[in-house]
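upload13.tsv follows; it contains TSV, C-alpha atoms and all ligand atoms.
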```
chain	number	residue	atom	x	y	z
A	1304	MET	CA	327.98	-43.47	65.15
A	1305	PRO	CA	326.80	-46.50	63.31
A	1306	TYR	CA	323.58	-48.46	63.50
A	1307	PRO	CA	321.94	-49.37	65.86
A	1308	VAL	CA	322.71	-46.17	67.81
A	1309	PHE	CA	322.10	-43.98	64.80
A	1310	ARG	CA	318.90	-44.67	62.94
A	1311	PRO	CA	318.16	-42.00	60.30
A	1312	ARG	CA	314.66	-43.40	59.92
A	1313	ARG	CA	313.68	-42.02	63.37
A	1314	LEU	CA	313.19	-38.58	61.85
A	1315	ARG	CA	311.28	-39.85	58.83
A	1316	GLU	CA	308.44	-41.43	60.71
A	1317	SER	CA	305.77	-38.73	60.45
A	1318	PRO	CA	304.99	-35.75	58.22
A	1319	LEU	CA	305.51	-33.37	61.15
A	1320	LEU	CA	308.95	-34.76	61.94
A	1321	ARG	CA	309.88	-34.63	58.29
A	1322	SER	CA	308.80	-31.03	57.97
A	1323	LEU	CA	310.62	-30.11	61.19
A	1324	ILE	CA	313.97	-31.06	59.72
A	1325	ARG	CA	313.33	-30.16	56.06
A	1326	GLU	CA	316.37	-28.32	54.72
A	1327	THR	CA	314.96	-26.72	51.60
A	1328	THR	CA	311.73	-24.84	51.11
A	1329	LEU	CA	309.88	-23.83	48.02
A	1330	ARG	CA	307.71	-20.79	48.47
A	1331	VAL	CA	305.47	-19.03	46.04
A	1332	ASP	CA	307.71	-15.94	46.53
A	1333	ASP	CA	310.54	-17.80	44.81
A	1334	LEU	CA	308.68	-18.25	41.53
A	1335	ILE	CA	308.73	-16.25	38.31
A	1336	TYR	CA	306.09	-16.99	35.68
A	1337	PRO	CA	307.03	-16.62	31.98
A	1338	LEU	CA	304.31	-15.40	29.61
A	1339	PHE	CA	304.10	-15.02	25.82
A	1340	THR	CA	302.27	-12.11	24.26
A	1341	VAL	CA	301.02	-11.59	20.71
A	1342	HIS	CA	299.22	-8.87	18.78
A	1343	GLY	CA	295.42	-8.92	18.59
A	1344	ARG	CA	292.50	-9.03	21.01
A	1345	GLY	CA	290.92	-11.94	22.79
A	1346	VAL	CA	293.70	-14.26	21.65
A	1347	ARG	CA	294.42	-17.25	23.87
A	1348	GLU	CA	296.14	-19.71	21.59
A	1349	PRO	CA	297.37	-22.93	23.18
A	1350	ILE	CA	301.03	-23.86	22.62
A	1351	PRO	CA	300.91	-27.54	21.59
A	1352	SER	CA	304.27	-28.60	23.05
A	1353	MET	CA	303.63	-26.72	26.30
A	1354	PRO	CA	300.22	-27.89	27.59
A	1355	GLY	CA	298.64	-25.23	29.80
A	1356	GLN	CA	300.67	-22.38	28.23
A	1357	TYR	CA	299.28	-19.91	25.70
A	1358	ARG	CA	300.14	-17.14	23.33
A	1359	LEU	CA	298.12	-14.29	24.80
A	1360	SER	CA	297.03	-10.97	23.38
A	1361	VAL	CA	297.63	-8.09	25.78
A	1362	ASP	CA	294.05	-8.12	27.17
A	1363	GLU	CA	294.28	-11.85	27.90
A	1364	LEU	CA	297.80	-11.49	29.27
A	1365	VAL	CA	296.55	-8.97	31.81
A	1366	LYS	CA	293.96	-11.52	33.01
A	1367	GLU	CA	296.62	-14.21	33.30
A	1368	ALA	CA	298.97	-11.87	35.15
A	1369	LYS	CA	296.17	-10.88	37.53
A	1370	ASP	CA	295.47	-14.53	38.18
A	1371	ALA	CA	299.14	-15.20	38.95
A	1372	ALA	CA	299.41	-12.14	41.21
A	1373	GLY	CA	296.28	-13.28	43.05
A	1374	MET	CA	298.03	-16.54	43.83
A	1375	GLY	CA	300.95	-14.69	45.35
A	1376	ILE	CA	303.35	-15.09	42.42
A	1377	PRO	CA	305.59	-12.01	42.69
A	1378	ALA	CA	306.85	-11.66	39.12
A	1379	VAL	CA	306.19	-12.42	35.47
A	1380	LEU	CA	308.80	-12.66	32.71
A	1381	LEU	CA	307.47	-11.33	29.42
A	1382	PHE	CA	308.26	-12.52	25.91
A	1383	GLY	CA	306.85	-10.88	22.80
A	1384	ILE	CA	305.99	-12.29	19.42
A	1385	PRO	CA	306.04	-9.47	16.86
A	1386	LYS	CA	303.74	-8.84	13.91
A	1387	GLU	CA	306.64	-8.67	11.50
A	1388	LYS	CA	310.23	-9.80	11.69
A	1389	ASP	CA	313.14	-8.07	9.98
A	1390	PRO	CA	316.92	-8.54	9.91
A	1391	ARG	CA	317.52	-6.06	12.73
A	1392	GLY	CA	314.58	-7.08	14.92
A	1393	SER	CA	313.06	-3.60	14.90
A	1394	GLU	CA	309.98	-4.43	16.95
A	1395	ALA	CA	312.18	-5.47	19.87
A	1396	TYR	CA	312.94	-1.82	20.59
A	1397	ALA	CA	309.85	-0.11	19.13
A	1398	GLU	CA	307.94	2.12	21.51
A	1399	ALA	CA	304.66	0.52	20.43
A	1400	GLY	CA	306.14	-3.00	20.21
A	1401	ILE	CA	304.14	-5.89	21.58
A	1402	VAL	CA	306.14	-6.28	24.78
A	1403	GLN	CA	306.16	-2.54	25.42
A	1404	GLN	CA	302.34	-2.58	25.13
A	1405	ALA	CA	302.11	-5.55	27.44
A	1406	ILE	CA	304.36	-3.96	30.08
A	1407	ARG	CA	302.23	-0.82	30.14
A	1408	ALA	CA	298.99	-2.78	30.39
A	1409	VAL	CA	300.21	-5.01	33.22
A	1410	LYS	CA	301.74	-2.16	35.21
A	1411	ASP	CA	298.56	-0.07	34.75
A	1412	THR	CA	296.30	-2.80	36.09
A	1413	ILE	CA	298.51	-4.68	38.55
A	1414	PRO	CA	301.16	-2.21	39.73
A	1415	ASP	CA	302.35	-4.51	42.50
A	1416	LEU	CA	303.26	-7.38	40.20
A	1417	LEU	CA	306.92	-7.24	39.16
A	1418	VAL	CA	307.36	-7.15	35.41
A	1419	ILE	CA	310.63	-8.58	34.16
A	1420	THR	CA	311.36	-8.62	30.43
A	1421	ASP	CA	313.49	-10.88	28.31
A	1422	VAL	CA	315.89	-8.72	26.31
A	1423	CYS	CA	316.82	-10.45	23.08
A	1424	LEU	CA	316.35	-10.09	19.35
A	1425	CYS	CA	315.67	-13.66	18.26
A	1426	GLN	CA	311.86	-13.52	18.29
A	1427	TYR	CA	312.08	-10.31	16.27
A	1428	THR	CA	314.69	-11.11	13.63
A	1429	SER	CA	313.78	-12.66	10.29
A	1430	HIS	CA	316.82	-14.98	10.55
A	1431	GLY	CA	315.91	-15.99	14.11
A	1432	HIS	CA	319.34	-15.28	15.61
A	1433	CYS	CA	319.89	-13.31	18.80
A	1434	GLY	CA	322.07	-10.71	17.12
A	1435	VAL	CA	322.78	-8.82	13.94
A	1436	VAL	CA	323.86	-11.08	11.07
A	1437	GLU	CA	326.52	-9.97	8.60
A	1438	ASP	CA	328.21	-12.23	6.04
A	1439	GLY	CA	326.34	-15.20	7.46
A	1440	ARG	CA	327.71	-14.65	10.98
A	1441	VAL	CA	326.18	-13.34	14.18
A	1442	LYS	CA	328.08	-10.15	14.97
A	1443	ASN	CA	328.70	-9.26	18.57
A	1444	ASP	CA	329.44	-5.56	18.80
A	1445	PRO	CA	326.84	-4.23	16.36
A	1446	THR	CA	324.23	-6.13	18.40
A	1447	LEU	CA	325.02	-4.41	21.71
A	1448	ASP	CA	323.44	-1.13	20.77
A	1449	LEU	CA	320.20	-2.81	19.72
A	1450	LEU	CA	320.03	-4.79	22.96
A	1451	ALA	CA	320.65	-1.65	24.97
A	1452	ARG	CA	317.89	0.16	23.08
A	1453	THR	CA	315.56	-2.78	23.73
A	1454	ALA	CA	316.27	-2.71	27.46
A	1455	VAL	CA	315.74	1.04	27.69
A	1456	SER	CA	312.46	0.79	25.78
A	1457	HIS	CA	311.23	-1.84	28.24
A	1458	VAL	CA	312.11	0.23	31.28
A	1459	GLU	CA	310.58	3.34	29.70
A	1460	ALA	CA	307.37	1.34	29.29
A	1461	GLY	CA	307.50	0.48	33.00
A	1462	ALA	CA	309.45	-2.78	33.33
A	1463	ASP	CA	310.82	-3.34	36.84
A	1464	MET	CA	313.79	-5.39	35.69
A	1465	VAL	CA	315.38	-6.45	32.40
A	1466	ALA	CA	316.86	-9.84	31.61
A	1467	PRO	CA	319.30	-9.96	28.68
A	1468	SER	CA	319.28	-13.49	27.23
A	1469	ASP	CA	321.24	-13.10	24.01
A	1470	MET	CA	324.73	-14.20	25.22
A	1471	MET	CA	326.62	-11.49	23.32
A	1472	ASP	CA	329.88	-10.50	25.03
A	1473	GLY	CA	329.66	-7.21	26.87
A	1474	ARG	CA	325.90	-6.89	26.76
A	1475	VAL	CA	325.39	-6.46	30.49
A	1476	ALA	CA	327.76	-3.47	30.51
A	1477	ALA	CA	326.05	-2.05	27.43
A	1478	VAL	CA	322.60	-2.41	28.98
A	1479	ARG	CA	323.77	-0.99	32.32
A	1480	GLU	CA	325.36	2.02	30.68
A	1481	ALA	CA	322.32	2.70	28.51
A	1482	LEU	CA	319.92	2.44	31.46
A	1483	ASP	CA	322.06	4.78	33.53
A	1484	GLU	CA	322.26	7.30	30.71
A	1485	ALA	CA	318.52	7.14	30.16
A	1486	GLY	CA	317.93	7.99	33.81
A	1487	PHE	CA	317.28	4.52	35.17
A	1488	PRO	CA	320.29	3.82	37.40
A	1489	GLU	CA	318.06	1.98	39.84
A	1490	SER	CA	316.59	-0.56	37.42
A	1491	PRO	CA	318.13	-3.96	38.09
A	1492	ILE	CA	319.50	-6.43	35.55
A	1493	MET	CA	318.96	-10.17	35.78
A	1494	ALA	CA	321.58	-11.56	33.40
A	1495	TYR	CA	321.21	-14.89	31.65
A	1496	SER	CA	324.86	-15.45	32.54
A	1497	ALA	CA	325.39	-19.17	32.01
A	1498	LYS	CA	323.04	-19.93	29.17
A	1499	TYR	CA	323.75	-23.17	27.39
A	1500	ALA	CA	323.09	-24.12	23.76
A	1501	SER	CA	320.34	-26.53	24.76
A	1502	SER	CA	317.91	-28.82	23.01
A	1503	PHE	CA	315.55	-28.13	25.90
A	1504	TYR	CA	314.54	-24.80	24.34
A	1505	GLY	CA	312.68	-26.63	21.56
A	1506	PRO	CA	309.11	-26.02	22.75
A	1507	PHE	CA	309.89	-22.35	23.48
A	1508	ARG	CA	311.09	-21.85	19.93
A	1509	ASP	CA	307.80	-23.27	18.64
A	1510	ALA	CA	305.94	-20.94	20.98
A	1511	ALA	CA	307.97	-17.86	20.11
A	1512	GLU	CA	308.62	-18.77	16.47
A	1513	SER	CA	312.31	-18.11	17.09
A	1514	THR	CA	314.07	-21.12	15.58
A	1515	PRO	CA	317.20	-19.90	13.74
A	1516	GLN	CA	316.66	-19.97	9.98
A	1517	PHE	CA	320.24	-21.12	9.39
A	1518	GLY	CA	322.83	-22.72	11.63
A	1519	ASP	CA	322.35	-22.87	15.37
A	1520	ARG	CA	323.16	-20.82	18.46
A	1521	ARG	CA	326.42	-22.53	19.36
A	1522	SER	CA	328.58	-19.56	18.39
A	1523	TYR	CA	327.11	-17.58	21.29
A	1524	GLN	CA	325.37	-19.94	23.75
A	1525	MET	CA	327.56	-22.16	25.91
A	1526	ASP	CA	328.77	-25.70	25.34
A	1527	PRO	CA	326.83	-28.03	27.69
A	1528	ALA	CA	330.09	-29.72	28.66
A	1529	ASN	CA	331.58	-26.63	30.32
A	1530	ALA	CA	331.23	-25.62	33.97
A	1531	MET	CA	334.40	-23.61	34.60
A	1532	GLU	CA	333.55	-21.47	31.62
A	1533	ALA	CA	330.21	-20.76	33.31
A	1534	MET	CA	332.13	-19.33	36.28
A	1535	ARG	CA	334.01	-17.01	33.91
A	1536	GLU	CA	330.75	-15.92	32.27
A	1537	VAL	CA	329.19	-15.19	35.65
A	1538	ALA	CA	332.29	-13.27	36.81
A	1539	LEU	CA	332.12	-11.08	33.70
A	1540	ASP	CA	328.42	-10.34	34.18
A	1541	VAL	CA	328.92	-9.50	37.85
A	1542	ASP	CA	331.76	-7.12	36.91
A	1543	GLU	CA	329.59	-5.57	34.23
A	1544	GLY	CA	326.80	-4.84	36.71
A	1545	ALA	CA	324.44	-7.82	36.83
A	1546	ASP	CA	322.28	-7.74	39.97
A	1547	ILE	CA	320.97	-11.31	39.63
A	1548	VAL	CA	322.77	-14.02	37.68
A	1549	MET	CA	321.01	-16.86	35.94
A	1550	VAL	CA	321.76	-20.43	34.99
A	1551	LYS	CA	319.71	-21.91	32.18
A	1552	PRO	CA	318.43	-24.60	31.70
A	1553	ALA	CA	318.05	-25.82	35.30
A	1554	LEU	CA	317.71	-29.58	35.67
A	1555	PRO	CA	320.66	-30.72	33.52
A	1556	TYR	CA	322.84	-27.98	35.13
A	1557	LEU	CA	322.24	-28.32	38.88
A	1558	ASP	CA	325.99	-28.56	39.48
A	1559	VAL	CA	326.47	-25.23	37.73
A	1560	ILE	CA	323.77	-23.64	39.91
A	1561	ALA	CA	325.50	-24.97	43.03
A	1562	ARG	CA	328.91	-23.68	41.94
A	1563	VAL	CA	327.64	-20.26	40.97
A	1564	LYS	CA	325.89	-19.88	44.32
A	1565	GLY	CA	328.96	-21.13	46.21
A	1566	GLU	CA	331.55	-19.08	44.36
A	1567	PHE	CA	329.74	-15.78	43.95
A	1568	GLY	CA	327.11	-15.60	46.67
A	1569	MET	CA	325.01	-13.50	44.31
A	1570	PRO	CA	321.26	-13.88	44.03
A	1571	VAL	CA	320.93	-16.79	41.60
A	1572	ALA	CA	318.00	-17.46	39.30
A	1573	ALA	CA	317.51	-20.78	37.53
A	1574	TYR	CA	315.38	-21.03	34.43
A	1575	SER	CA	313.58	-24.34	34.27
A	1576	VAL	CA	312.99	-24.13	30.55
A	1577	SER	CA	310.24	-25.17	28.17
A	1578	GLY	CA	311.69	-28.63	27.50
A	1579	GLU	CA	311.87	-29.44	31.21
A	1580	TYR	CA	308.22	-28.47	31.52
A	1581	ALA	CA	307.25	-30.41	28.40
A	1582	MET	CA	308.99	-33.59	29.61
A	1583	ILE	CA	307.14	-33.66	32.91
A	1584	LYS	CA	303.82	-32.73	31.30
A	1585	ALA	CA	304.19	-35.38	28.60
A	1586	ALA	CA	305.14	-38.17	30.97
A	1587	GLY	CA	302.33	-37.10	33.30
A	1588	ARG	CA	299.81	-37.24	30.47
A	1589	LEU	CA	300.96	-40.68	29.47
A	1590	GLY	CA	300.58	-41.82	33.05
A	1591	TRP	CA	304.28	-42.61	33.19
A	1592	LEU	CA	304.89	-40.46	36.23
A	1593	ASP	CA	302.93	-38.46	38.76
A	1594	GLU	CA	303.00	-34.96	37.29
A	1595	GLU	CA	302.44	-33.02	40.53
A	1596	ARG	CA	305.06	-34.89	42.48
A	1597	ALA	CA	307.58	-34.74	39.64
A	1598	MET	CA	306.98	-30.99	39.35
A	1599	MET	CA	307.56	-30.37	43.06
A	1600	GLU	CA	310.59	-32.62	43.17
A	1601	ALA	CA	312.14	-30.81	40.22
A	1602	LEU	CA	311.43	-27.37	41.68
A	1603	VAL	CA	312.71	-28.19	45.15
A	1604	GLY	CA	315.77	-29.84	43.60
A	1605	ILE	CA	316.57	-26.61	41.76
A	1606	ARG	CA	316.22	-24.68	45.04
A	1607	ARG	CA	318.34	-27.26	46.89
A	1608	ALA	CA	321.10	-26.83	44.30
A	1609	GLY	CA	321.28	-23.16	45.29
A	1610	ALA	CA	318.80	-21.19	43.20
A	1611	ASP	CA	317.08	-18.37	45.03
A	1612	LEU	CA	314.56	-17.83	42.25
A	1613	VAL	CA	313.02	-20.33	39.89
A	1614	ILE	CA	311.60	-19.26	36.55
A	1615	THR	CA	309.05	-21.92	35.68
A	1616	TYR	CA	305.99	-22.51	33.51
A	1617	PHE	CA	304.71	-24.53	36.49
A	1618	ALA	CA	304.50	-21.35	38.62
A	1619	LYS	CA	300.69	-21.37	38.84
A	1620	ASP	CA	300.43	-25.14	39.32
A	1621	ALA	CA	303.04	-25.01	42.08
A	1622	ALA	CA	301.43	-21.98	43.71
A	1623	ARG	CA	298.09	-23.81	43.77
A	1624	LEU	CA	299.67	-26.87	45.35
A	1625	LEU	CA	301.61	-24.85	47.92
A	1626	GLU	CA	298.37	-23.03	48.81
A	1627	ARG	CA	296.78	-26.39	49.62
A	1628	GLY	CA	299.69	-27.04	51.98
A	1629	GLY	CA	301.44	-29.37	49.58
A	1630	THR	CA	305.09	-30.02	50.32
A	1631	PRO	CA	307.81	-31.14	47.99
A	1701	LIG	C1	315.66	-15.91	23.87
A	1701	LIG	C2	315.27	-16.95	24.86
A	1701	LIG	C3	315.14	-18.34	24.69
A	1701	LIG	C4	314.65	-18.83	25.90
A	1701	LIG	C5	314.54	-17.76	26.77
A	1701	LIG	N1	314.96	-16.60	26.11
A	1701	LIG	C6	315.33	-19.20	23.49
A	1701	LIG	C7	316.65	-19.46	22.94
A	1701	LIG	O1	317.69	-19.01	23.42
A	1701	LIG	O2	316.65	-20.14	21.93
A	1701	LIG	C8	314.28	-20.26	26.19
A	1701	LIG	C9	313.26	-20.45	27.24
A	1701	LIG	C10	312.64	-21.81	27.31
A	1701	LIG	O3	313.01	-22.76	26.59
A	1701	LIG	O4	311.72	-21.94	28.13
A	1701	LIG	N2	316.98	-15.91	23.48
```
Here is the file; what I need is its structure written in the form of structure tokens.
Amino acid sequence: MPYPVFRPRRLRESPLLRSLIRETTLRVDDLIYPLFTVHGRGVREPIPSMPGQYRLSVDELVKEAKDAAGMGIPAVLLFGIPKEKDPRGSEAYAEAGIVQQAIRAVKDTIPDLLVITDVCLCQYTSHGHCGVVEDGRVKNDPTLDLLARTAVSHVEAGADMVAPSDMMDGRVAAVREALDEAGFPESPIMAYSAKYASSFYGPFRDAAESTPQFGDRRSYQMDPANAMEAMREVALDVDEGADIVMVKPALPYLDVIARVKGEFGMPVAAYSVSGEYAMIKAAGRLGWLDEERAMMEALVGIRRAGADLVITYFAKDAARLLERGGTP
């Protein structure tokens, strides 16, 4: 029915009408807040390329986590920065490793907050790659055991869910099997299934000191040009036992999010990564765009594409705005 019978503007006239027919919601329950933890006490070191984000010692991390939980944020995603790096990333799976300490401290003080952990070696290896390096190459199969050990050590420390982010083949099956054997058949896995080799991880690598010391991550992370391959990656992870599948980054890959949701109907997480955060923050600071509105538009866009969960450094900012009744 063409104009003048049909006038789409009729339903845009007032905020109440607009909210009545809004198709997509963003709720605080959809958000996961990533946090970085370092050794020491009383450390709250700002990350220059991620304004508002910090490297936190465990005592400060607990405060931050409490703050997030108080705002209704259901989950944090923990990343550790070790004291020392070595070729096999030993601190990643050490019982007294930094993340293991952080998990225990958060679960002791805020038992109701979900603790999810990133399972990877790159912050912990001296070469900065996500796997074991032999003859100048990142080796797949020798890495699986270390990833599985890392995941088990996180769950032993109290993690509610593990999130393997390394992109080795077969790692979801390896983690699943190791968790089951260790007596944790009920601990879920959120797999970074379609993780692209992205320039948008730049600020994170500054924060986590995890830039590869040689080469890049293109032999294991995906080519940004490929979407069908993402479907194959997701299918493998689902077969191997992933409970939640993830697409990462989010904004340049909204089509991939939509396809994964449509084809698999699995719970889908999208990771709006450090570079997406940095772009909006930087433009906001320069006065080139309205930071709050850009943030909400990005987050609701990721939800509209099909993500059930959004991992975002904006979690607290968005929670604050939603609390005030702000809409996207
Ligand atoms: C570890 C990991 C990375 C991110 C999450 N887990 C870095 C990478 O793969 O280089 C990036 C997160 C972000 O940019 O916010 N493998």
Return as a count of residues only every polymer residue, whether protein, DNA or RNA, with at least one atom no more than 7 Å from an atom of ligand LIG 1701 (chain A); count all atoms listed in the file.
18
Which residue is closest to Leu1625 in chain A? Choose from A:Asp1370, A:Asp1448, A:Glu1595, A:Asp1611 and count only C-alpha atoms.
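Looking at the shortest contact to Leu1625 in chain A, the residue is A:Glu1595.
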Protein, DNA and RNA residues within 9 Å of (312.0, -27.3, 52.6), all atoms listed in the file, as JSON, numbers by chain:
{"A": [1322, 1324, 1325, 1326, 1327, 1328, 1329, 1330, 1603, 1607, 1630, 1631]}
Could you check which of A:Asp1519, A:Ala1608, A:Asp1526, A:Asp1463 is closest to Arg1562 in chain A, using only C-alpha atoms?
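Closest to Arg1562 in chain A of all the choices is A:Ala1608.
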Which of these, A:Asp1542, A:Asp1362, A:Glu1489, A:Glu1348, has the shortest distance to Val1458 in chain A once you count all atoms listed in the file?
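Closest residue, counting all atoms listed in the file: A:Glu1489.
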Residues of range 1403-1450 of chain A that have any atom at most 10 Å from an atom of range 1331-1344 of chain A: could you tabulate them with the shortest-distance atom pair and the distance in Å to one decimal, using only C-alpha atoms, ordered by chain and increasing number, as a tab-separated table?
```
residue	atom	partner	partner_atom	distance
A:Gln1404	CA	A:His1342	CA	9.5
A:Ala1405	CA	A:Thr1340	CA	7.3
A:Leu1417	CA	A:Ile1335	CA	9.2
A:Val1418	CA	A:Ile1335	CA	9.6
A:Ile1419	CA	A:Ile1335	CA	8.9
A:Thr1420	CA	A:Pro1337	CA	9.2
A:Asp1421	CA	A:Pro1337	CA	9.4
```
Contacts of range 1492-1496 of chain A at 8 Å or less, counting only C-alpha atoms, minus same-chain residues fewer than 2 places along, as a list of chain:residue names?
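Once the nearby chain positions are removed, what remains is A:Met1464, A:Val1465, A:Ala1466, A:Pro1467, A:Ser1468, A:Asp1469, A:Met1470, A:Val1475, A:Arg1479, A:Ser1490, A:Lys1498, A:Ala1533, A:Glu1536, A:Val1537, A:Asp1540, A:Gly1544, A:Ala1545, A:Asp1546, A:Ile1547, A:Val1548, A:Met1549, A:Val1550, A:Lys1551.
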Any chance you can output those residues with C-alpha atoms as a PDB file, keeping the file's coordinate frame?
```
ATOM      1  CA  MET A1464     313.790  -5.390  35.690  1.00  0.00           C
ATOM      2  CA  VAL A1465     315.380  -6.450  32.400  1.00  0.00           C
ATOM      3  CA  ALA A1466     316.860  -9.840  31.610  1.00  0.00           C
ATOM      4  CA  PRO A1467     319.300  -9.960  28.680  1.00  0.00           C
ATOM      5  CA  SER A1468     319.280 -13.490  27.230  1.00  0.00           C
ATOM      6  CA  ASP A1469     321.240 -13.100  24.010  1.00  0.00           C
ATOM      7  CA  MET A1470     324.730 -14.200  25.220  1.00  0.00           C
ATOM      8  CA  VAL A1475     325.390  -6.460  30.490  1.00  0.00           C
ATOM      9  CA  ARG A1479     323.770  -0.990  32.320  1.00  0.00           C
ATOM     10  CA  SER A1490     316.590  -0.560  37.420  1.00  0.00           C
ATOM     11  CA  LYS A1498     323.040 -19.930  29.170  1.00  0.00           C
ATOM     12  CA  ALA A1533     330.210 -20.760  33.310  1.00  0.00           C
ATOM     13  CA  GLU A1536     330.750 -15.920  32.270  1.00  0.00           C
ATOM     14  CA  VAL A1537     329.190 -15.190  35.650  1.00  0.00           C
ATOM     15  CA  ASP A1540     328.420 -10.340  34.180  1.00  0.00           C
ATOM     16  CA  GLY A1544     326.800  -4.840  36.710  1.00  0.00           C
ATOM     17  CA  ALA A1545     324.440  -7.820  36.830  1.00  0.00           C
ATOM     18  CA  ASP A1546     322.280  -7.740  39.970  1.00  0.00           C
ATOM     19  CA  ILE A1547     320.970 -11.310  39.630  1.00  0.00           C
ATOM     20  CA  VAL A1548     322.770 -14.020  37.680  1.00  0.00           C
ATOM     21  CA  MET A1549     321.010 -16.860  35.940  1.00  0.00           C
ATOM     22  CA  VAL A1550     321.760 -20.430  34.990  1.00  0.00           C
ATOM     23  CA  LYS A1551     319.710 -21.910  32.180  1.00  0.00           C
TER      24      LYS A1551
END
```
Residue nearest Ala1462 in chain A - candidates A:Glu1532, A:Glu1367, A:Asp1415, A:Asp1389, atoms counted: all atoms listed in the file
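Using all atoms listed in the file, Ala1462 in chain A sits closest to A:Asp1415.
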Quick one: residues within 12 Å of (308.7, -31.3, 42.6) (file frame), counting only C-alpha atoms, please, as a PyMOL selection string.
chain A and resi 1327-1329+1554+1575+1579-1580+1583+1592-1607+1615+1617-1618+1620-1622+1624-1625+1629-1631
CA of Asp1558 in chain A to CA of Gly1473 in chain A: how many Å, to one decimal?
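We find that CA of Asp1558 in chain A and CA of Gly1473 in chain A lie 25.1 Å from each other.
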I need the residue nearest Val1422 in chain A from this list: A:Phe1382, A:Tyr1574, A:Phe1487, A:Tyr1357. Use only C-alpha atoms for the distance.
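Smallest distance to Val1422 in chain A is found for A:Phe1382.
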Can you measure CA of Arg1452 in chain A to CA of Val1478 in chain A for me? One decimal in Å is fine.
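Separation of CA of Arg1452 in chain A and CA of Val1478 in chain A: 8.0 Å.
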Would you compute the distance between CA of Glu1512 in chain A and CA of Arg1391 in chain A? Give it in Å to one decimal.
16.0 Å
Which residue of A:Ile1413, A:Tyr1499, A:Gly1518, A:Arg1407 approaches Gly1439 in chain A most closely, using only C-alpha atoms:
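Ranking A:Ile1413, A:Tyr1499, A:Gly1518, A:Arg1407 by distance to Gly1439 in chain A, first place goes to A:Gly1518.
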